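Student: You'll find entry.csv just under this line, and it carries CSV, C-alpha atoms and all ligand atoms.
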```csv
chain,number,residue,atom,x,y,z
A,48,MET,CA,96.3,115.6,102.1
A,49,ALA,CA,94.7,117.3,99.1
A,50,ARG,CA,91.9,115.1,97.9
A,51,GLY,CA,92.1,113.5,94.5
A,52,ARG,CA,95.1,113.4,92.3
A,53,LYS,CA,98.0,113.8,94.6
A,54,VAL,CA,98.0,110.0,95.3
A,55,LYS,CA,96.3,108.7,92.2
A,56,ALA,CA,98.4,110.5,89.7
A,57,GLY,CA,101.4,108.4,90.8
A,58,ALA,CA,104.5,109.6,88.9
A,59,ALA,CA,102.4,112.3,87.1
A,60,ALA,CA,101.4,114.1,90.3
A,61,THR,CA,100.6,117.3,88.5
A,62,GLU,CA,98.0,115.8,86.2
A,63,THR,CA,94.3,116.3,86.9
A,64,LEU,CA,92.6,113.0,87.0
A,65,PRO,CA,89.3,111.9,88.6
A,66,LEU,CA,88.9,111.8,92.3
A,67,GLY,CA,89.5,108.7,94.3
A,68,GLN,CA,87.3,105.6,94.6
A,69,PRO,CA,84.5,105.9,97.1
A,70,ASP,CA,85.3,104.2,100.4
A,71,ILE,CA,84.1,100.6,100.0
A,72,LYS,CA,84.5,99.7,103.7
A,73,ALA,CA,81.7,97.7,105.2
A,74,PRO,CA,81.2,99.1,108.7
A,75,GLU,CA,78.4,96.9,109.8
A,76,ALA,CA,79.6,93.6,108.4
A,77,VAL,CA,83.1,92.4,107.7
A,78,ALA,CA,83.4,91.9,103.9
A,79,VAL,CA,85.3,88.8,102.8
A,80,GLU,CA,85.8,89.0,99.1
A,81,PRO,CA,85.6,85.6,97.3
A,82,GLY,CA,88.9,84.3,95.9
A,83,ARG,CA,92.2,86.0,96.0
A,84,GLU,CA,92.5,86.9,92.4
A,85,HIS,CA,95.5,88.8,91.3
A,86,HIS,CA,95.7,91.3,88.5
A,87,ASP,CA,98.5,91.4,85.9
A,88,LEU,CA,100.2,94.2,87.8
A,89,SER,CA,99.3,92.9,91.2
A,90,PRO,CA,101.4,94.4,94.0
A,91,SER,CA,102.2,90.9,95.3
A,92,ALA,CA,104.7,90.6,92.5
A,93,PHE,CA,106.2,94.1,93.1
A,94,PRO,CA,109.2,92.9,95.2
A,95,LYS,CA,110.1,90.5,92.5
A,96,TRP,CA,109.8,93.0,89.7
A,97,GLN,CA,111.8,95.5,91.8
A,98,ALA,CA,114.6,92.9,91.6
A,99,CYS,CA,114.0,91.7,88.0
A,100,SER,CA,111.3,93.3,85.9
A,101,HIS,CA,111.2,90.1,83.7
A,102,TYR,CA,110.1,87.9,86.6
A,103,GLU,CA,107.1,85.7,85.8
A,104,PRO,CA,105.2,83.7,88.5
A,105,SER,CA,105.8,80.0,88.1
A,106,ARG,CA,102.8,77.9,87.0
A,107,GLU,CA,103.6,75.2,89.6
A,108,PRO,CA,102.3,76.6,92.9
A,109,GLY,CA,104.7,74.5,95.0
A,110,GLU,CA,104.3,73.3,98.6
A,111,GLU,CA,105.3,76.6,100.1
A,112,ALA,CA,102.6,78.5,98.1
A,113,GLU,CA,99.9,76.0,98.9
A,114,ARG,CA,100.7,76.2,102.6
A,115,GLY,CA,100.5,80.0,102.3
A,116,THR,CA,97.1,79.8,100.7
A,117,ARG,CA,95.8,77.5,103.5
A,118,LEU,CA,97.1,79.8,106.2
A,119,HIS,CA,95.7,82.9,104.5
A,120,LYS,CA,92.3,81.3,104.3
A,121,ALA,CA,92.3,80.3,108.0
A,122,TYR,CA,93.7,83.8,109.0
A,123,ALA,CA,91.0,85.6,107.0
A,124,MET,CA,88.2,83.6,108.5
A,125,ALA,CA,89.5,84.0,112.1
A,126,VAL,CA,90.2,87.7,111.7
A,127,ALA,CA,86.7,88.3,110.3
A,128,ARG,CA,85.3,86.5,113.3
A,129,LYS,CA,87.5,88.6,115.7
A,130,GLY,CA,89.6,85.7,116.8
A,131,GLY,CA,88.6,82.5,118.4
A,132,ALA,CA,89.4,79.0,117.1
A,133,VAL,CA,91.4,78.7,113.9
A,134,ASP,CA,90.6,76.2,111.2
A,135,ALA,CA,91.1,72.7,112.8
A,136,GLY,CA,92.3,71.4,109.4
A,137,LEU,CA,95.7,72.9,110.0
A,138,ASP,CA,98.5,71.1,111.8
A,139,PRO,CA,99.2,72.4,115.3
A,140,GLU,CA,102.2,74.4,114.4
A,141,ASP,CA,100.4,76.2,111.5
A,142,ARG,CA,97.4,76.7,113.7
A,143,ALA,CA,99.6,78.3,116.4
A,144,ALA,CA,101.2,80.6,113.8
A,145,VAL,CA,97.8,81.8,112.5
A,146,GLU,CA,96.4,82.3,116.0
A,147,TRP,CA,99.4,84.5,116.8
A,148,ALA,CA,98.9,86.4,113.5
A,149,VAL,CA,95.2,87.0,114.3
A,150,ALA,CA,96.0,88.2,117.8
A,151,GLU,CA,98.6,90.6,116.5
A,152,THR,CA,96.2,92.0,113.9
A,153,LEU,CA,93.5,92.6,116.5
A,154,ARG,CA,96.0,94.2,118.8
A,155,LEU,CA,97.5,96.4,116.1
A,156,PHE,CA,94.1,97.6,114.9
A,157,GLY,CA,92.7,97.9,118.4
A,158,GLY,CA,89.9,95.5,117.4
A,159,ALA,CA,88.5,93.8,114.3
A,160,PRO,CA,89.4,95.1,110.9
A,161,GLU,CA,86.7,96.7,108.8
A,162,SER,CA,87.3,94.3,105.9
A,163,VAL,CA,89.4,91.3,105.0
A,164,GLU,CA,90.8,90.1,101.7
A,165,ARG,CA,89.9,93.5,100.4
A,166,LYS,CA,90.5,94.5,96.8
A,167,LEU,CA,92.5,97.8,96.6
A,168,PRO,CA,92.4,99.6,93.3
A,169,TYR,CA,95.3,101.7,92.3
A,170,TYR,CA,96.3,103.7,89.2
A,171,ASP,CA,99.5,104.1,87.3
A,172,SER,CA,100.9,107.4,85.9
A,173,GLU,CA,98.7,107.0,82.8
A,174,GLY,CA,95.5,106.6,85.0
A,175,LEU,CA,95.1,102.9,84.2
A,176,LEU,CA,93.4,101.0,86.9
A,177,TYR,CA,94.8,97.9,88.6
A,178,PHE,CA,94.1,96.2,91.9
A,179,GLY,CA,95.7,94.2,94.7
A,180,THR,CA,94.2,92.3,97.6
A,181,ALA,CA,95.1,93.3,101.1
A,182,ASP,CA,94.6,90.7,103.9
A,183,ALA,CA,93.0,93.1,106.4
A,184,VAL,CA,92.2,96.8,106.4
A,185,CYS,CA,91.2,99.1,109.2
A,186,GLY,CA,91.1,102.8,108.8
A,187,VAL,CA,94.2,103.8,106.9
A,188,GLY,CA,96.0,100.7,108.1
A,189,ILE,CA,96.7,97.4,106.4
A,190,ALA,CA,97.8,94.1,107.9
A,191,ASP,CA,99.3,91.5,105.5
A,192,LEU,CA,100.1,88.0,106.6
A,193,LYS,CA,103.4,86.5,105.4
A,194,THR,CA,104.5,82.9,105.8
A,195,GLY,CA,108.2,81.8,105.6
A,196,GLN,CA,111.2,83.9,106.3
A,197,VAL,CA,111.2,87.6,106.9
A,198,ARG,CA,111.7,89.3,103.5
A,199,ASP,CA,111.5,92.8,102.1
A,200,TYR,CA,107.9,93.4,101.0
A,201,ALA,CA,108.1,97.2,101.1
A,202,ALA,CA,107.4,97.5,97.3
A,203,GLN,CA,104.1,95.6,97.7
A,204,MET,CA,103.1,97.6,100.8
A,205,ALA,CA,103.8,100.8,98.9
A,206,ALA,CA,101.2,99.9,96.3
A,207,TYR,CA,98.6,98.9,99.0
A,208,ALA,CA,99.3,102.1,101.0
A,209,LEU,CA,98.9,104.2,97.8
A,210,ALA,CA,95.6,102.6,97.0
A,211,LEU,CA,94.3,102.9,100.5
A,212,MET,CA,95.3,106.6,100.8
A,213,ASP,CA,93.4,107.2,97.6
A,214,ILE,CA,90.3,105.4,98.7
A,215,LYS,CA,90.3,107.0,102.1
A,216,TRP,CA,91.5,110.4,101.0
A,217,ALA,CA,93.7,110.4,104.0
A,218,GLU,CA,97.5,110.3,104.6
A,219,PRO,CA,99.7,108.7,105.9
A,220,ALA,CA,98.9,105.0,105.7
A,221,THR,CA,100.4,102.4,107.9
A,222,THR,CA,101.3,98.8,106.7
A,223,HIS,CA,101.9,95.9,109.1
A,224,LEU,CA,103.7,92.9,107.7
A,225,ILE,CA,102.8,90.0,109.9
A,226,PHE,CA,105.4,87.2,109.6
A,227,CYS,CA,103.7,84.4,111.3
A,228,ASP,CA,106.4,81.8,111.2
A,229,GLU,CA,109.1,84.1,112.6
A,230,ARG,CA,106.6,85.8,114.9
A,231,GLU,CA,107.7,89.2,113.7
A,232,VAL,CA,105.8,92.4,112.7
A,233,VAL,CA,107.3,95.0,110.4
A,234,THR,CA,105.4,98.2,110.6
A,235,ARG,CA,105.9,101.2,108.2
A,236,GLU,CA,104.1,104.5,107.8
A,237,TRP,CA,103.8,105.8,104.2
A,238,THR,CA,103.2,109.3,102.9
A,239,ALA,CA,101.8,109.4,99.4
A,240,GLU,CA,105.0,110.8,98.1
A,241,GLU,CA,107.0,107.9,99.5
A,242,ALA,CA,104.6,105.3,98.3
A,243,ILE,CA,104.6,106.8,94.8
A,244,SER,CA,108.4,106.9,94.6
A,245,VAL,CA,108.6,103.2,95.4
A,246,ALA,CA,105.6,101.8,93.4
A,247,MET,CA,105.6,103.8,90.2
A,248,PRO,CA,109.1,103.0,88.9
A,249,ILE,CA,108.3,99.3,89.4
A,250,ILE,CA,105.2,99.6,87.3
A,251,ALA,CA,107.1,101.6,84.6
A,252,ALA,CA,109.9,99.0,84.5
A,253,ARG,CA,107.5,96.1,84.3
A,254,LYS,CA,105.6,97.7,81.5
A,255,GLU,CA,108.8,98.3,79.7
A,256,ALA,CA,109.9,94.7,80.1
A,257,LEU,CA,106.5,93.5,78.8
A,258,ALA,CA,106.9,95.7,75.8
A,259,GLY,CA,110.4,94.2,75.1
A,260,GLY,CA,112.4,97.2,76.2
A,261,GLY,CA,114.4,98.3,79.2
A,262,PRO,CA,117.2,96.4,80.9
A,263,GLY,CA,117.3,92.6,80.5
A,264,PRO,CA,116.7,90.0,83.2
A,265,ARG,CA,118.8,90.2,86.3
A,266,ALA,CA,119.5,87.1,88.4
A,267,CYS,CA,118.1,87.7,91.9
A,268,GLU,CA,116.8,85.9,95.0
A,269,TYR,CA,113.5,85.3,93.3
A,270,CYS,CA,114.9,83.3,90.3
A,271,GLY,CA,114.0,80.0,92.0
A,272,TRP,CA,110.3,80.9,91.9
A,273,CYS,CA,110.3,82.4,88.3
A,274,GLY,CA,108.5,80.7,85.5
A,275,ARG,CA,111.1,81.8,83.0
A,276,ARG,CA,114.1,80.3,84.7
A,277,ASP,CA,114.4,77.3,82.5
A,278,ALA,CA,115.2,79.4,79.5
A,279,CYS,CA,116.8,82.4,81.2
A,280,PRO,CA,120.5,83.1,80.4
A,281,PRO,CA,121.3,85.1,83.6
A,282,TYR,CA,119.8,82.3,85.7
A,283,ALA,CA,121.7,79.6,83.9
A,284,SER,CA,124.9,81.6,83.9
A,285,GLN,CA,125.1,81.0,87.7
A,286,LEU,CA,125.8,77.4,86.8
A,287,ALA,CA,128.9,78.3,84.8
A,288,PRO,CA,131.4,77.7,87.6
A,289,ALA,CA,130.2,74.1,88.0
A,290,ALA,CA,129.4,73.6,84.3
A,291,VAL,CA,133.0,74.1,83.3
A,292,ALA,CA,133.7,70.7,84.8
A,293,ILE,CA,131.2,69.1,82.3
A,294,ALA,CA,131.8,71.3,79.3
A,295,SER,CA,135.6,71.4,79.3
A,296,LEU,CA,137.1,68.5,81.2
A,297,GLU,CA,140.6,69.3,80.0
A,298,ALA,CA,140.4,72.9,81.2
A,299,PHE,CA,138.9,72.1,84.5
A,300,ASP,CA,141.3,72.1,87.4
A,301,PHE,CA,139.5,71.6,90.7
A,302,SER,CA,142.6,72.3,92.8
A,303,ALA,CA,142.6,75.8,91.3
A,304,VAL,CA,139.0,76.2,92.5
A,305,LEU,CA,139.9,75.1,96.0
A,306,ALA,CA,142.8,77.5,96.1
A,307,ASP,CA,140.8,80.6,95.1
A,308,PRO,CA,138.1,81.7,97.6
A,309,GLU,CA,136.3,83.8,94.9
A,310,ARG,CA,136.0,80.8,92.6
A,311,LEU,CA,135.2,78.5,95.6
A,312,GLY,CA,132.2,80.7,96.5
A,313,GLN,CA,130.9,80.7,92.9
A,314,PHE,CA,131.4,77.0,92.6
A,315,LEU,CA,129.4,76.3,95.8
A,316,ALA,CA,126.6,78.6,94.7
A,317,ALA,CA,126.4,76.7,91.4
A,318,CYS,CA,126.4,73.3,93.2
A,319,LYS,CA,123.6,74.5,95.4
A,320,LEU,CA,121.6,75.7,92.4
A,321,LEU,CA,122.1,72.3,90.7
A,322,ARG,CA,121.1,70.4,93.8
A,323,CYS,CA,118.2,72.5,95.1
A,324,ASP,CA,116.5,73.4,91.8
A,325,TYR,CA,117.5,71.4,88.8
A,326,GLU,CA,118.2,68.1,90.6
A,327,GLU,CA,114.9,68.3,92.6
A,328,ARG,CA,112.8,69.0,89.5
A,329,ALA,CA,114.7,66.4,87.4
A,330,GLN,CA,114.1,63.8,90.1
A,331,ALA,CA,110.4,64.6,90.2
A,332,ARG,CA,110.2,64.2,86.4
A,333,ALA,CA,112.2,60.9,86.4
A,334,ARG,CA,109.8,59.5,89.1
A,335,GLU,CA,106.8,60.5,86.8
A,336,VAL,CA,108.4,58.8,83.8
A,337,ILE,CA,109.3,55.6,85.7
A,338,ALA,CA,105.9,55.4,87.4
A,339,ALA,CA,104.2,55.7,84.0
A,340,GLY,CA,106.2,52.6,82.8
A,341,GLY,CA,109.0,54.5,81.0
A,342,ARG,CA,112.7,54.2,81.5
A,343,VAL,CA,115.3,56.7,82.7
A,344,PRO,CA,118.6,54.9,82.0
A,345,GLY,CA,120.6,54.3,85.3
A,346,TRP,CA,117.7,55.2,87.5
A,347,THR,CA,114.9,53.2,89.2
A,348,ILE,CA,112.4,53.7,92.0
A,349,GLN,CA,113.2,51.8,95.2
A,350,ARG,CA,110.4,51.0,97.6
A,351,ARG,CA,111.2,51.8,101.3
A,352,LYS,CA,109.4,50.7,104.4
A,353,GLY,CA,107.0,53.4,105.6
A,354,ARG,CA,107.6,55.3,108.8
A,355,GLU,CA,106.3,53.6,111.9
A,356,SER,CA,104.0,55.4,114.3
A,357,LEU,CA,102.0,54.3,117.3
A,358,ALA,CA,98.3,53.4,116.9
A,359,PRO,CA,95.8,55.6,118.8
A,360,GLY,CA,95.7,54.9,122.5
A,361,VAL,CA,99.0,52.9,122.6
A,362,LEU,CA,101.0,55.9,123.9
A,363,ASP,CA,98.5,56.5,126.7
A,364,ASP,CA,98.9,52.8,127.7
A,365,ILE,CA,102.7,53.0,127.7
A,366,ILE,CA,102.7,56.1,129.8
A,367,HIS,CA,100.2,54.5,132.2
A,368,ARG,CA,102.2,51.4,132.7
A,369,HIS,CA,105.8,52.8,132.6
A,370,GLY,CA,105.6,56.5,133.2
A,371,TRP,CA,106.9,59.5,131.2
A,372,ARG,CA,110.5,58.6,131.7
A,373,VAL,CA,110.4,55.8,129.2
A,374,LEU,CA,109.4,58.2,126.5
A,375,LEU,CA,112.3,60.6,127.3
A,376,GLU,CA,114.7,57.8,126.8
A,377,CYS,CA,113.4,57.3,123.3
A,378,GLY,CA,113.2,60.7,121.9
A,379,THR,CA,114.0,64.4,122.2
A,380,VAL,CA,111.7,67.4,122.9
A,381,SER,CA,111.8,70.3,120.4
A,382,ILE,CA,112.5,73.3,122.6
A,383,PRO,CA,111.2,75.8,119.9
A,384,LYS,CA,107.9,73.9,119.7
A,385,LEU,CA,107.7,73.6,123.5
A,386,ARG,CA,108.2,77.4,123.8
A,387,LYS,CA,105.3,77.9,121.4
A,388,GLN,CA,102.9,75.9,123.5
A,389,PRO,CA,100.3,78.1,125.4
A,390,GLY,CA,101.2,78.7,129.0
A,391,ILE,CA,104.8,77.4,128.7
A,392,SER,CA,107.5,79.8,129.7
A,393,LEU,CA,111.0,78.4,130.2
A,394,GLU,CA,113.2,80.2,132.7
A,395,PRO,CA,116.9,80.7,132.3
A,396,GLY,CA,118.6,77.6,133.6
A,397,GLN,CA,115.8,75.3,132.5
A,398,VAL,CA,117.2,74.9,129.0
A,399,VAL,CA,120.7,73.4,128.7
A,400,GLU,CA,122.5,74.4,125.6
A,401,GLY,CA,124.6,71.8,123.8
A,402,GLU,CA,127.9,72.5,122.0
A,403,PRO,CA,127.4,75.0,119.2
A,404,THR,CA,127.6,73.5,115.7
A,405,GLU,CA,128.7,75.1,112.5
A,406,ALA,CA,127.1,75.1,109.0
A,407,LEU,CA,128.3,76.7,105.8
A,408,VAL,CA,125.4,78.8,104.5
A,409,GLU,CA,125.0,81.5,101.9
A,410,GLU,CA,125.3,85.1,103.2
A,411,LYS,CA,122.2,87.2,103.3
A,412,GLY,CA,121.8,89.4,100.4
A,413,GLY,CA,122.7,86.7,97.8
A,414,ARG,CA,125.6,85.9,95.7
A,415,PRO,CA,128.2,88.3,94.4
B,501,LIG,S1,115.0,83.6,86.1
B,501,LIG,FE1,115.5,85.3,84.7
B,501,LIG,S2,113.6,86.4,84.4
B,501,LIG,FE2,113.3,85.1,86.2
B,501,LIG,S3,113.8,86.5,87.9
B,501,LIG,FE3,115.7,85.3,87.4
B,501,LIG,S4,116.8,86.6,86.0
B,501,LIG,FE4,114.7,87.4,86.1
```
What's the structure tokens form of this structure?
Tutor:
Amino acid sequence: MARGRKVKAGAAATETLPLGQPDIKAPEAVAVEPGREHHDLSPSAFPKWQACSHYEPSREPGEEAERGTRLHKAYAMAVARKGGAVDAGLDPEDRAAVEWAVAETLRLFGGAPESVERKLPYYDSEGLLYFGTADAVCGVGIADLKTGQVRDYAAQMAAYALALMDIKWAEPATTHLIFCDEREVVTREWTAEEAISVAMPIIAARKEALAGGGPGPRACEYCGWCGRRDACPPYASQLAPAAVAIASLEAFDFSAVLADPERLGQFLAACKLLRCDYEERAQARAREVIAAGGRVPGWTIQRRKGRESLAPGVLDDIIHRHGWRVLLECGTVSIPKLRKQPGISLEPGQVVEGEPTEALVEEKGGRP
């Protein structure tokens, strides 16, 4: 690859701009950068801006995000140490997930990365400097840990790849998305051209949205995490099929909804939104108000008995006196968890499948 501008110029590939950043790798010691600060145009938000350029990160981190931060911290420390024991503060399932991710990273890189939590500077078409933080870097390769379900993070990886090719003056770059909960790795090789064609339109659209121009907000799979959703018409409009019942009681005919599969789908989507977002947050707020001595008419907090569990040592004693069988009478064994235990491999015939069940779920790819 020609050194210098081909990568850094982004959309303006013909411009002559300064050469790339010096390579900041730390060959002797693995560099762990303090904090995981994100810039205004951090690539971590690129997948969201690709879907809706008006997306704003929510101020409430949420449980999922907090778990992600804990796992990233444990992953960074273990990868920097080239494996070994993972942070004992994690629960066993999370620890197993991180250990798997660390082993995959070391396997993909053929050894330890040269740096972890590495700041990657990149430029837009006007030559303005931004940065993102990649979890692990080795040569022209990036590994990025992801918690939760497998999603499309290509837009984020494009920006990282672009930055790394610029730093290394080398092409192509390879990105590995390591989905630790699903135990899946998604690897992609990027040329500068490809990375530019994905990343630069996102930056341009985001800047346009910030300046008050471009297309308006567009409801997407990330709305539930968006800090603007409480006052966003496209988001609220998804409630319309259910809201008709409240706003216009005379006009509402539920039998007509049941008779029309199109309306039925929209009605279910609206109910899910009400239940999973608005209701959850309204309940949390009502609890706060009541706990602080206030009143929410029609609602109160009911105290329930806490979950019972065995005191330390009691289980050993029961097994010693009555054997394992007594436990099997009282509970079930989670097959997915058992499969994740080191050294356990279940042969065909050792697992008995029950009757299949059915659940109504939303199709992948979102609502119409
Ligand atoms: S809530 Fe609105 S601004 Fe946020 S992602 Fe959805 S459509 Fe875009």
Student: Which residue, A:Ala181, A:Leu257, A:Val336, A:Ile348, has the smallest gap to ligand LIG 501 (chain B) when you use all atoms listed in the file?
Tutor: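 Among A:Ala181, A:Leu257, A:Val336, A:Ile348, it is A:Leu257 that comes nearest to ligand LIG 501 (chain B).
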Student: Let me see if you get this right: every residue at most 8 Å from ligand LIG 501 (chain B), counting only C-alpha atoms and all ligand atoms, written as an NGL selection string.
Tutor: :A and (95-96 or 98-103 or 264-282)
Student: Compare A:Pro219, A:Gly115, A:Gly136, A:Gly179 by their minimum atom-to-atom distance to Lys193 (chain A), counting only C-alpha atoms, and give me the closest one.
Tutor: A:Gly115
Student: Please, which residues in region 187-301 of chain A fall within 7 Å of region 149-170 of chain A when counting only C-alpha atoms, and what is the closest atom pair and distance in Å to one decimal for each, ordered by chain then residue number, as JSON lines?
Tutor:
```
{"residue": "A:Ala190", "atom": "CA", "partner": "A:Thr152", "partner_atom": "CA", "distance": 6.6}
{"residue": "A:Tyr207", "atom": "CA", "partner": "A:Leu167", "partner_atom": "CA", "distance": 6.6}
{"residue": "A:Ala210", "atom": "CA", "partner": "A:Tyr169", "partner_atom": "CA", "distance": 4.8}
{"residue": "A:Leu211", "atom": "CA", "partner": "A:Leu167", "partner_atom": "CA", "distance": 6.7}
```
Student: Rounded to one decimal in Å, what is the spacing between CA of Leu88 (chain A) and CA of Phe178 (chain A)?
Tutor: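 Separation of CA of Leu88 (chain A) and CA of Phe178 (chain A): 7.6 Å.
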Student: CA of Tyr122 (chain A) to CA of Met212 (chain A): how many Å, to one decimal?
Tutor: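 Value for the CA of Tyr122 (chain A)-CA of Met212 (chain A) distance: 24.3 Å.
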Student: Which distance in Å separates CA of Thr222 (chain A) and CA of Val184 (chain A), to one decimal?
Tutor: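 So the answer is 9.3 Å.
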Student: Can you work out which one of A:Arg198, A:Lys384, A:Lys129, A:Lys319 has the shortest atom-to-atom distance to Phe226 (chain A), counting all atoms listed in the file?
Tutor: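 That would be A:Arg198, the residue with the smallest distance to Phe226 (chain A).
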Student: Choose the residue, out of A:Val398, A:Leu407, A:Gln97, A:Trp346, that has the smallest atom-to-atom separation from Gln330 (chain A); count all atoms listed in the file.
Tutor: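 Selected residue with least distance to Gln330 (chain A): A:Trp346.
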Student: Determine, counting all atoms listed in the file, which protein, DNA and RNA residues have an atom within 12 Å of an atom of Ile249 (chain A); residues of the same chain fewer than 4 positions away are not included. Present the result as a PyMOL selection string.
Tutor: chain A and resi 57-58+88-102+171-172+201-203+205-206+242-245+253-256+261
Student: Pick the closest to Ala127 (chain A) from A:Asp182, A:Asp228, A:Glu309, A:Glu376: which is it, counting all atoms listed in the file?
Tutor: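 Selected residue with least distance to Ala127 (chain A): A:Asp182.
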Student: Which residues of region 176-278 of chain A have any atom within 12 Å of an atom in region 144-147 of chain A when counting only C-alpha atoms, and what is the closest pair of atoms for each, with the distance in Å to one decimal? Order the rows by chain and rising number and write it as CSV.
Tutor:
```
residue,atom,partner,partner_atom,distance
A:Leu192,CA,A:Val145,CA,8.9
A:Lys193,CA,A:Val145,CA,10.2
A:Thr194,CA,A:Ala144,CA,9.0
A:Gly195,CA,A:Ala144,CA,10.8
A:Ile225,CA,A:Trp147,CA,9.5
A:Phe226,CA,A:Ala144,CA,8.9
A:Cys227,CA,A:Ala144,CA,5.2
A:Asp228,CA,A:Ala144,CA,5.9
A:Glu229,CA,A:Ala144,CA,8.7
A:Arg230,CA,A:Trp147,CA,7.6
A:Glu231,CA,A:Trp147,CA,10.0
A:Val232,CA,A:Trp147,CA,11.0
```
Student: Which is closer to Leu286 (chain A) than all the others in A:Leu305, A:Cys377, A:Ala298, A:Leu320, using all atoms listed in the file?
Tutor: A:Leu320
Student: Scan for residues within 12 Å of the point (105.7, 101.9, 113.2) in the coordinates of the file, using only C-alpha atoms, and reply as a PDB file with C-alpha atoms, keeping the file's coordinate frame.
Tutor:
```pdb
ATOM      1  CA  LEU A 155      97.500  96.400 116.100  1.00  0.00           C
ATOM      2  CA  GLY A 188      96.000 100.700 108.100  1.00  0.00           C
ATOM      3  CA  PRO A 219      99.700 108.700 105.900  1.00  0.00           C
ATOM      4  CA  ALA A 220      98.900 105.000 105.700  1.00  0.00           C
ATOM      5  CA  THR A 221     100.400 102.400 107.900  1.00  0.00           C
ATOM      6  CA  THR A 222     101.300  98.800 106.700  1.00  0.00           C
ATOM      7  CA  HIS A 223     101.900  95.900 109.100  1.00  0.00           C
ATOM      8  CA  LEU A 224     103.700  92.900 107.700  1.00  0.00           C
ATOM      9  CA  VAL A 232     105.800  92.400 112.700  1.00  0.00           C
ATOM     10  CA  VAL A 233     107.300  95.000 110.400  1.00  0.00           C
ATOM     11  CA  THR A 234     105.400  98.200 110.600  1.00  0.00           C
ATOM     12  CA  ARG A 235     105.900 101.200 108.200  1.00  0.00           C
ATOM     13  CA  GLU A 236     104.100 104.500 107.800  1.00  0.00           C
ATOM     14  CA  TRP A 237     103.800 105.800 104.200  1.00  0.00           C
TER      15      TRP A 237
END
```
